[in-house]
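Engineer: Dropping a structure here in structure tokens format, bear with me for questions.
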Amino acid sequence: MTDANGLRDRAVRAIDARRADLVALSLSIHAEPEIGFKEHKSARKLADFLADNGFSVQRPYKDVETAYRGDAAGAGNGPTVAILTEYDALPDIGHACGHNLIAMMGTGAAIGVRAVLKDLPGRLAAVGTPAEEGGGGKVALVRAGGFADVDVAMMCHPSSRTLSGRTSLASNRVDVEFYGKAAHAAAQPDKGINALDGVIQTFNNVNAMRQQLRPEARIHGIITNGGSAANIIPEYAMAKFSVRALDRRYQQEVLKRFIACAEGAAAATGTTLKVTVHENSGYQNMVPSQPLADRWAAHMRAMGQSVQTTLDDERMGSTDMGNVSQILPAIHPYIGIAPEGTPGHSTAFRDAAATPEAHEGALFAAKALALVAIDAMTDPELLGRARAEFEERRKQGVVKGKA
Ligand SMILES: [Zn+2]
């Protein structure tokens, strides 16, 4: 065993040594955006990169076709640390969430740890998790036991600010479909049943309910089918919604109330309603491991990077990393890659995710992740605090725990 600082330096140097390849990997994924569960090329690029760097790779992983897992063993028994990647893009707009950088940071961190693994106890797992933007690759992997042997998990997401951690919203995707009866909209409207009115009334009911929801609750939707011609009473209409709240229990209550809004709309319009709550769409709220998040921030600061720990204007979305954080200590820090205030899922953010500045920042974030992984393997006190905090939260019902 070499001393801790020697290990750290070697891990960081290993990442620097692959810098050009890592940036090329990120830009290649950015240039060929693939949406959730269709990220075949991206998954292959990442899995091949790991294989070339001494990982034994499974692809697919746990029957999730565009998931993969690269494993490498250290010297003797110790914790299993998972470093996660995402690589799905958004429809039409491309890598507007910058998941190409998540792929690069996770892979870079894994390669840094791999370079010193023969001097560490434990195991390293580099896990590729698809379809974060809808589909829930991590939900499927958690359900299939894909993290059953993992002690701590980590990843880093690009943002317009550098932040050691924050919570995320619990969420479900829900479809509502209304069935009515077609009729001539001018000559015999009384003979028809208007399915579009079912959808419109659902939006109105939701808007009426909003005032009575907690501030962080979010219900938002689009109409995907509203009929085919103005002179036909629509016999079929459909809308897609997201239903979100700050914690899983309250989110489930809001979901019930949302479904009641749709049922009320069906009763008012005489339509028949079908509700589909999507499988794997149950994104749970993120509960970051404080000791590990603090350690990531400390490593970033030691490299001269400034890191925020809390936000005064907290805005958040949802991530399936929440589901991982519900079963084991996990972190999901953010690296600032765009001017503050740049909205996510925008063309500006997409373009920022391909700049040299973004990759510069992402390399620091990858190094900090690698150092946290090394600490989790070599510093029993840190791992002990992470586990104790998780266990306390499990007792309080804040997280679910494994199994
Ligand atoms: Zn994202």
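Scheme for the structure tokens: letters A, B, ... for chains in order shown; per-chain residue numbers from 1; ligand numbers from 1 in order shown.
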Could the residues of range 76-181 of chain A that have an atom at most 10 Å from range 232-237 of chain A be listed as JSON lines, each with its closest atom pair and the distance in Å to one decimal, counting only C-alpha atoms and ordered by chain and ascending residue number?
Structural biologist:
{"residue": "A:Val176", "atom": "CA", "partner": "A:Ala237", "partner_atom": "CA", "distance": 8.4}
{"residue": "A:Glu177", "atom": "CA", "partner": "A:Ala237", "partner_atom": "CA", "distance": 5.8}
{"residue": "A:Phe178", "atom": "CA", "partner": "A:Ala237", "partner_atom": "CA", "distance": 5.3}
{"residue": "A:Tyr179", "atom": "CA", "partner": "A:Tyr236", "partner_atom": "CA", "distance": 4.8}
{"residue": "A:Gly180", "atom": "CA", "partner": "A:Glu235", "partner_atom": "CA", "distance": 4.3}
{"residue": "A:Lys181", "atom": "CA", "partner": "A:Glu235", "partner_atom": "CA", "distance": 4.5}
Engineer: Filtering to all heavy atoms, could you give me those residues as a compact mmCIF listing (two decimals), in the first residue's frame?
Structural biologist:
# COMPACT_ATOMS: atom_id res chain seq x y z
N VAL A 176 -53.32 10.14 -19.68
CA VAL A 176 -54.79 10.04 -19.56
C VAL A 176 -55.36 9.97 -20.97
O VAL A 176 -54.99 10.77 -21.85
CB VAL A 176 -55.42 11.20 -18.76
CG1 VAL A 176 -55.04 11.11 -17.29
CG2 VAL A 176 -55.00 12.56 -19.31
N GLU A 177 -56.23 9.01 -21.21
CA GLU A 177 -56.88 8.86 -22.51
C GLU A 177 -58.38 8.90 -22.31
O GLU A 177 -58.91 8.24 -21.40
CB GLU A 177 -56.49 7.53 -23.15
CG GLU A 177 -55.02 7.47 -23.54
CD GLU A 177 -54.60 6.07 -23.93
OE1 GLU A 177 -54.31 5.28 -23.01
OE2 GLU A 177 -54.56 5.77 -25.12
N PHE A 178 -59.05 9.68 -23.13
CA PHE A 178 -60.51 9.81 -23.03
C PHE A 178 -61.15 9.26 -24.30
O PHE A 178 -60.69 9.55 -25.41
CB PHE A 178 -60.90 11.28 -22.83
CG PHE A 178 -60.55 11.80 -21.46
CD1 PHE A 178 -59.29 12.32 -21.20
CD2 PHE A 178 -61.48 11.74 -20.42
CE1 PHE A 178 -58.96 12.77 -19.93
CE2 PHE A 178 -61.15 12.20 -19.15
CZ PHE A 178 -59.89 12.72 -18.90
N TYR A 179 -62.20 8.48 -24.10
CA TYR A 179 -62.93 7.88 -25.23
C TYR A 179 -64.35 8.43 -25.26
O TYR A 179 -65.05 8.40 -24.24
CB TYR A 179 -62.97 6.36 -25.08
CG TYR A 179 -61.59 5.74 -25.09
CD1 TYR A 179 -60.83 5.64 -23.91
CD2 TYR A 179 -61.02 5.29 -26.28
CE1 TYR A 179 -59.56 5.10 -23.92
CE2 TYR A 179 -59.74 4.75 -26.30
CZ TYR A 179 -59.02 4.65 -25.12
OH TYR A 179 -57.74 4.12 -25.13
N GLY A 180 -64.75 8.98 -26.42
CA GLY A 180 -66.10 9.51 -26.58
C GLY A 180 -66.75 8.93 -27.81
O GLY A 180 -66.55 7.75 -28.13
N LYS A 181 -67.48 9.77 -28.53
CA LYS A 181 -68.20 9.29 -29.72
C LYS A 181 -68.15 10.39 -30.78
O LYS A 181 -68.48 11.54 -30.50
CB LYS A 181 -69.65 9.00 -29.33
CG LYS A 181 -70.34 8.01 -30.26
CD LYS A 181 -71.62 7.51 -29.61
CE LYS A 181 -72.83 8.06 -30.33
NZ LYS A 181 -74.09 7.84 -29.66
Engineer: Could you give me, as a ChimeraX atom specification, each residue of range 28-247 of chain A that DSSP assigns to helix (DSSP H, G or I) when run on this structure's backbone?
Structural biologist: /A:28-31,40-52,99-114,117-119,137-143,189-191,195-212
Engineer: Which polymer residues have any atom within 9 Å of an atom of Val174 in chain A, counting only C-alpha atoms, with same-chain residues fewer than 5 positions away left out, as number ranges by chain?
Structural biologist: A: 239-243, 255, 275-278, 281
Engineer: List as a PyMOL selection string the protein and nucleic acid residues lying within 12 Å of ligand 1, with only C-alpha atoms and all ligand atoms counted.
Structural biologist: chain A and resi 36+85-90+94-103+129-134+136+155-159+168+316-321+332-335+343-346+349-350+353
Engineer: Applying 9 Å and only C-alpha atoms, which residues near range 251-253 of chain A remain after dropping the ones on its own chain fewer than 5 positions away? List them as a CSV table (one decimal) with all heavy atoms, in the first residue's frame.
Structural biologist:
chain,number,residue,atom,x,y,z
A,169,LEU,N,-37.1,16.1,-7.0
A,169,LEU,CA,-38.6,15.8,-6.8
A,169,LEU,C,-38.9,14.3,-7.1
A,169,LEU,O,-38.4,13.8,-8.1
A,169,LEU,CB,-39.4,16.7,-7.7
A,169,LEU,CG,-39.3,18.2,-7.5
A,169,LEU,CD1,-40.1,19.0,-8.5
A,169,LEU,CD2,-39.7,18.6,-6.1
A,170,ALA,N,-39.7,13.7,-6.3
A,170,ALA,CA,-40.3,12.4,-6.6
A,170,ALA,C,-41.3,12.7,-7.7
A,170,ALA,O,-42.0,13.7,-7.8
A,170,ALA,CB,-41.0,11.8,-5.4
A,171,SER,N,-41.4,11.7,-8.6
A,171,SER,CA,-42.2,12.0,-9.9
A,171,SER,C,-42.8,10.7,-10.5
A,171,SER,O,-42.2,9.6,-10.3
A,171,SER,CB,-41.2,12.7,-10.8
A,171,SER,OG,-41.5,12.4,-12.2
A,172,ASN,N,-43.9,10.9,-11.2
A,172,ASN,CA,-44.4,9.8,-12.0
A,172,ASN,C,-44.8,10.4,-13.4
A,172,ASN,O,-45.3,11.6,-13.4
A,172,ASN,CB,-45.7,9.2,-11.5
A,172,ASN,CG,-45.4,8.1,-10.5
A,172,ASN,OD1,-45.6,8.2,-9.3
A,172,ASN,ND2,-44.9,7.0,-11.0
A,217,ALA,N,-44.9,21.1,-5.2
A,217,ALA,CA,-45.6,20.1,-6.1
A,217,ALA,C,-45.7,20.7,-7.5
A,217,ALA,O,-45.8,21.9,-7.7
A,217,ALA,CB,-47.0,19.8,-5.5
A,243,VAL,N,-46.3,14.2,-12.7
A,243,VAL,CA,-46.8,14.6,-11.3
A,243,VAL,C,-45.7,14.5,-10.3
A,243,VAL,O,-45.1,13.4,-10.2
A,243,VAL,CB,-48.0,13.7,-11.0
A,243,VAL,CG1,-48.5,14.0,-9.6
A,243,VAL,CG2,-49.1,13.8,-12.0
A,244,ARG,N,-45.3,15.6,-9.7
A,244,ARG,CA,-44.1,15.6,-8.9
A,244,ARG,C,-44.3,16.3,-7.5
A,244,ARG,O,-45.1,17.2,-7.4
A,244,ARG,CB,-42.9,16.4,-9.6
A,244,ARG,CG,-42.8,16.1,-11.0
A,244,ARG,CD,-41.5,16.7,-11.5
A,244,ARG,NE,-41.5,16.8,-13.0
A,244,ARG,CZ,-40.4,16.7,-13.7
A,244,ARG,NH1,-39.2,16.5,-13.1
A,244,ARG,NH2,-40.4,16.8,-15.0
A,245,ALA,N,-43.5,15.9,-6.6
A,245,ALA,CA,-43.6,16.5,-5.3
A,245,ALA,C,-42.2,16.3,-4.5
A,245,ALA,O,-41.4,15.4,-5.0
A,245,ALA,CB,-44.7,16.1,-4.4
A,246,LEU,N,-42.0,16.9,-3.4
A,246,LEU,CA,-40.7,16.9,-2.7
A,246,LEU,C,-40.4,15.6,-2.1
A,246,LEU,O,-39.3,15.2,-2.0
A,246,LEU,CB,-40.7,18.0,-1.7
A,246,LEU,CG,-39.4,18.5,-1.2
A,246,LEU,CD1,-38.5,18.9,-2.3
A,246,LEU,CD2,-39.7,19.8,-0.3
A,258,PHE,N,-54.6,13.9,-8.6
A,258,PHE,CA,-54.5,14.1,-10.1
A,258,PHE,C,-55.5,13.1,-10.8
A,258,PHE,O,-56.2,13.5,-11.7
A,258,PHE,CB,-53.1,13.9,-10.6
A,258,PHE,CG,-53.1,13.9,-12.1
A,258,PHE,CD1,-53.2,15.0,-12.9
A,258,PHE,CD2,-53.0,12.7,-12.8
A,258,PHE,CE1,-53.2,15.0,-14.3
A,258,PHE,CE2,-53.0,12.6,-14.2
A,258,PHE,CZ,-53.1,13.8,-14.9
